[in-house]
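Have a look at the structure below before the remarks.
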Amino acid sequence: MYMSDKIKISKRYLLSKKSAKELKERVEKLYSKLNIEWENVERVEYENIIIYVINGIATLTEIDNLIFPTLIYMLKKDSSWAQGVIIDRGATNAVSRGADLMLPGIKGIRGKFKEGDIVFAFDIEKSIPVMVGKALLSSDKINESINQKAKGRAIQNLHYAGDLIWKISISI
């Protein structure tokens, strides 16, 4: 999506301590290894996208009740805890344009995950996260499919560098 002018945030406010605590509990259930210092938690809204800015960094995104770390946060902080897949350059180029991740582009697995889990795609050369997605297959099924040289979608692309979430994250 091309945006020629600056993004206009519809709402931005500091969360109450109670709301921040509820968010923290919700996030820790989903991402137990995510290490966030829960101070100064702001909620930023743009259309149907919610970004939680924590200590000045766009840390979390929420869309349709699905919450996940932003790539901005993952690039600034340690991402070694994150489960997901390692992808080749061709797949990196495709997901960086918004495509879902296909099985042939996956070269390895990081951690164990189930179908429906939030996962990250890491560039094979740079070892950095380039996409956040929703697993359409479990890590076991993906690994089995890689060995069989299967084709098809493996991970639904939810967020990538340069998308609207990215643009909102760098503008706040």
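Ordering of the structure tokens sets the chain letters (A, B, ...); residue numbers start at 1 within each chain; ligands are numbered from 1 in the order shown.
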
For Val44 in chain A, please output as a PyMOL selection string all residues within 12 Å (counting only C-alpha atoms; exclusion window: fewer than 6 positions along the same chain). chain A and resi 7-15+50-54+56-62+165+168-169+171-172

Please identify which residues in range 35-105 of chain A DSSP calls strand (DSSP E) from the backbone, and express them as a list in words. Val41, Glu42, Arg43, Val44, Glu45, Tyr46, Ile49, Ile50, Ile51, Tyr52, Val53, Ile54, Ile57, Ala58, Thr59, Leu60, Thr61, Glu62, Ile63, Leu66, Ile67, Phe68, Pro69, Gly84, Val85, Ile86, Ile87, Leu101 and Met102 of chain A

Could you pull the residues within 7 Å of Val132 in chain A, counting only C-alpha atoms, minus those fewer than 5 positions along the same chain, as a VMD selection string? chain A and resid 119 to 121 157 to 160

Can you list, as a PyMOL selection string, every protein, DNA or RNA residue that comes within 8 Å of Ile109 in chain A when you count only C-alpha atoms, leaving out same-chain residues fewer than 4 positions away? chain A and resi 83-86+139+143

Selected residue, from A:Ser79, A:Arg89, A:Ile155, A:Tyr73, that lies nearest to Lys141 in chain A when counting only C-alpha atoms: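 With only C-alpha atoms as the atom set, the closest residue is A:Ile155.
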
Å distance separating CA of Pro104 in chain A from CA of Leu66 in chain A, one decimal place: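 Separating CA of Pro104 in chain A from CA of Leu66 in chain A is a distance of 26.8 Å.
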
Å distance separating CA of Met131 in chain A from CA of Leu71 in chain A, one decimal place: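 One can read the CA of Met131 in chain A to CA of Leu71 in chain A distance as 7.2 Å.
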
When you look at Leu137 in chain A with a cut-off of 10 Å (counting only C-alpha atoms), what residues show up, excluding the ones that are within fewer than 2 positions of it in the same chain? I need them as a PyMOL selection string. chain A and resi 103+113-117+134-135+139-143+145+153-156

Given the selection you just returned, output its residues as a file containing N, CA and C atoms, formatted as a PDB file, in the first residue's frame.
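Saved result, selection_15.pdb, follows:
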```pdb
ATOM      1  N   LEU A 103       5.836 -23.225   1.057  1.00  0.00           N
ATOM      2  CA  LEU A 103       6.734 -24.282   1.534  1.00  0.00           C
ATOM      3  C   LEU A 103       8.104 -24.311   0.851  1.00  0.00           C
ATOM      4  N   PHE A 113       6.036 -25.284  16.891  1.00  0.00           N
ATOM      5  CA  PHE A 113       4.801 -24.514  16.908  1.00  0.00           C
ATOM      6  C   PHE A 113       3.669 -25.328  16.306  1.00  0.00           C
ATOM      7  N   LYS A 114       2.461 -24.886  16.646  1.00  0.00           N
ATOM      8  CA  LYS A 114       1.255 -25.558  16.172  1.00  0.00           C
ATOM      9  C   LYS A 114       0.609 -24.732  15.069  1.00  0.00           C
ATOM     10  N   GLU A 115      -0.270 -25.364  14.323  1.00  0.00           N
ATOM     11  CA  GLU A 115      -1.085 -24.645  13.349  1.00  0.00           C
ATOM     12  C   GLU A 115      -1.868 -23.568  14.100  1.00  0.00           C
ATOM     13  N   GLY A 116      -1.867 -22.353  13.567  1.00  0.00           N
ATOM     14  CA  GLY A 116      -2.576 -21.239  14.189  1.00  0.00           C
ATOM     15  C   GLY A 116      -1.707 -20.362  15.071  1.00  0.00           C
ATOM     16  N   ASP A 117      -0.501 -20.822  15.433  1.00  0.00           N
ATOM     17  CA  ASP A 117       0.410 -20.015  16.254  1.00  0.00           C
ATOM     18  C   ASP A 117       0.976 -18.852  15.449  1.00  0.00           C
ATOM     19  N   LYS A 134       0.873 -16.187  10.655  1.00  0.00           N
ATOM     20  CA  LYS A 134       0.080 -17.197  11.348  1.00  0.00           C
ATOM     21  C   LYS A 134       0.337 -18.533  10.660  1.00  0.00           C
ATOM     22  N   ALA A 135       0.808 -19.515  11.448  1.00  0.00           N
ATOM     23  CA  ALA A 135       1.143 -20.824  10.891  1.00  0.00           C
ATOM     24  C   ALA A 135      -0.102 -21.524  10.356  1.00  0.00           C
ATOM     25  N   SER A 139       4.966 -27.012  12.927  1.00  0.00           N
ATOM     26  CA  SER A 139       6.393 -27.119  12.587  1.00  0.00           C
ATOM     27  C   SER A 139       6.727 -28.538  12.121  1.00  0.00           C
ATOM     28  N   ASP A 140       6.111 -29.544  12.741  1.00  0.00           N
ATOM     29  CA  ASP A 140       6.349 -30.934  12.325  1.00  0.00           C
ATOM     30  C   ASP A 140       5.884 -31.168  10.891  1.00  0.00           C
ATOM     31  N   LYS A 141       4.707 -30.655  10.565  1.00  0.00           N
ATOM     32  CA  LYS A 141       4.146 -30.826   9.220  1.00  0.00           C
ATOM     33  C   LYS A 141       4.992 -30.075   8.183  1.00  0.00           C
ATOM     34  N   ILE A 142       5.462 -28.871   8.543  1.00  0.00           N
ATOM     35  CA  ILE A 142       6.321 -28.106   7.628  1.00  0.00           C
ATOM     36  C   ILE A 142       7.621 -28.862   7.385  1.00  0.00           C
ATOM     37  N   ASN A 143       8.223 -29.377   8.455  1.00  0.00           N
ATOM     38  CA  ASN A 143       9.477 -30.120   8.334  1.00  0.00           C
ATOM     39  C   ASN A 143       9.299 -31.348   7.439  1.00  0.00           C
ATOM     40  N   SER A 145       7.016 -31.685   5.144  1.00  0.00           N
ATOM     41  CA  SER A 145       6.748 -31.188   3.789  1.00  0.00           C
ATOM     42  C   SER A 145       8.022 -30.740   3.082  1.00  0.00           C
ATOM     43  N   ARG A 153       0.928 -23.197   0.616  1.00  0.00           N
ATOM     44  CA  ARG A 153       1.094 -22.161   1.628  1.00  0.00           C
ATOM     45  C   ARG A 153       1.418 -22.781   2.981  1.00  0.00           C
ATOM     46  N   ALA A 154       2.342 -22.158   3.701  1.00  0.00           N
ATOM     47  CA  ALA A 154       2.730 -22.640   5.022  1.00  0.00           C
ATOM     48  C   ALA A 154       2.392 -21.627   6.107  1.00  0.00           C
ATOM     49  N   ILE A 155       2.578 -20.329   5.794  1.00  0.00           N
ATOM     50  CA  ILE A 155       2.363 -19.276   6.791  1.00  0.00           C
ATOM     51  C   ILE A 155       1.664 -18.092   6.142  1.00  0.00           C
ATOM     52  N   GLN A 156       0.586 -17.655   6.783  1.00  0.00           N
ATOM     53  CA  GLN A 156      -0.158 -16.477   6.324  1.00  0.00           C
ATOM     54  C   GLN A 156       0.593 -15.227   6.774  1.00  0.00           C
TER      55      GLN A 156
END
```

Within 12 Å of Lys24 in chain A, counting only C-alpha atoms, which residues qualify if same-chain residues fewer than 5 places away don't, as a ChimeraX atom specification? /A:15,17-19,29-32,34-39,41,52,54,59-60,67

Tell me which protein, DNA and RNA residues are within 12 Å of Lys126 in chain A, counting only C-alpha atoms, leaving out same-chain ones fewer than 2 positions away, and put them as a list of chain:residue names.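 Near neighbours after the sequence-gap exclusion: A:Leu75, A:Ile86, A:Ile87, A:Asp88, A:Arg89, A:Thr92, A:Ala121, A:Phe122, A:Asp123, A:Ile124, A:Ile128, A:Pro129, A:Val130.
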
Taking the backbone alone, and naming residues the way the document does, which bits of chain A are helix (DSSP H, G or I) by DSSP, as a VMD selection string? chain A and resid 17 to 30 71 to 76 89 to 95 103 to 105 139 to 147 164 to 171

Hey, which of A:Ile118, A:Gly111, A:Ser127, A:Asp100 ends up closest to Asp78 in chain A? Count only C-alpha atoms.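 When distances to Asp78 in chain A are compared using only C-alpha atoms, the smallest one comes from A:Ser127.
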
Option closest in space to Trp81 in chain A, from A:Arg97, A:Lys149, A:Lys112, A:Lys107 [counting only C-alpha atoms]: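 Looking only at the distances to Trp81 in chain A, the closest residue turns out to be A:Lys112.
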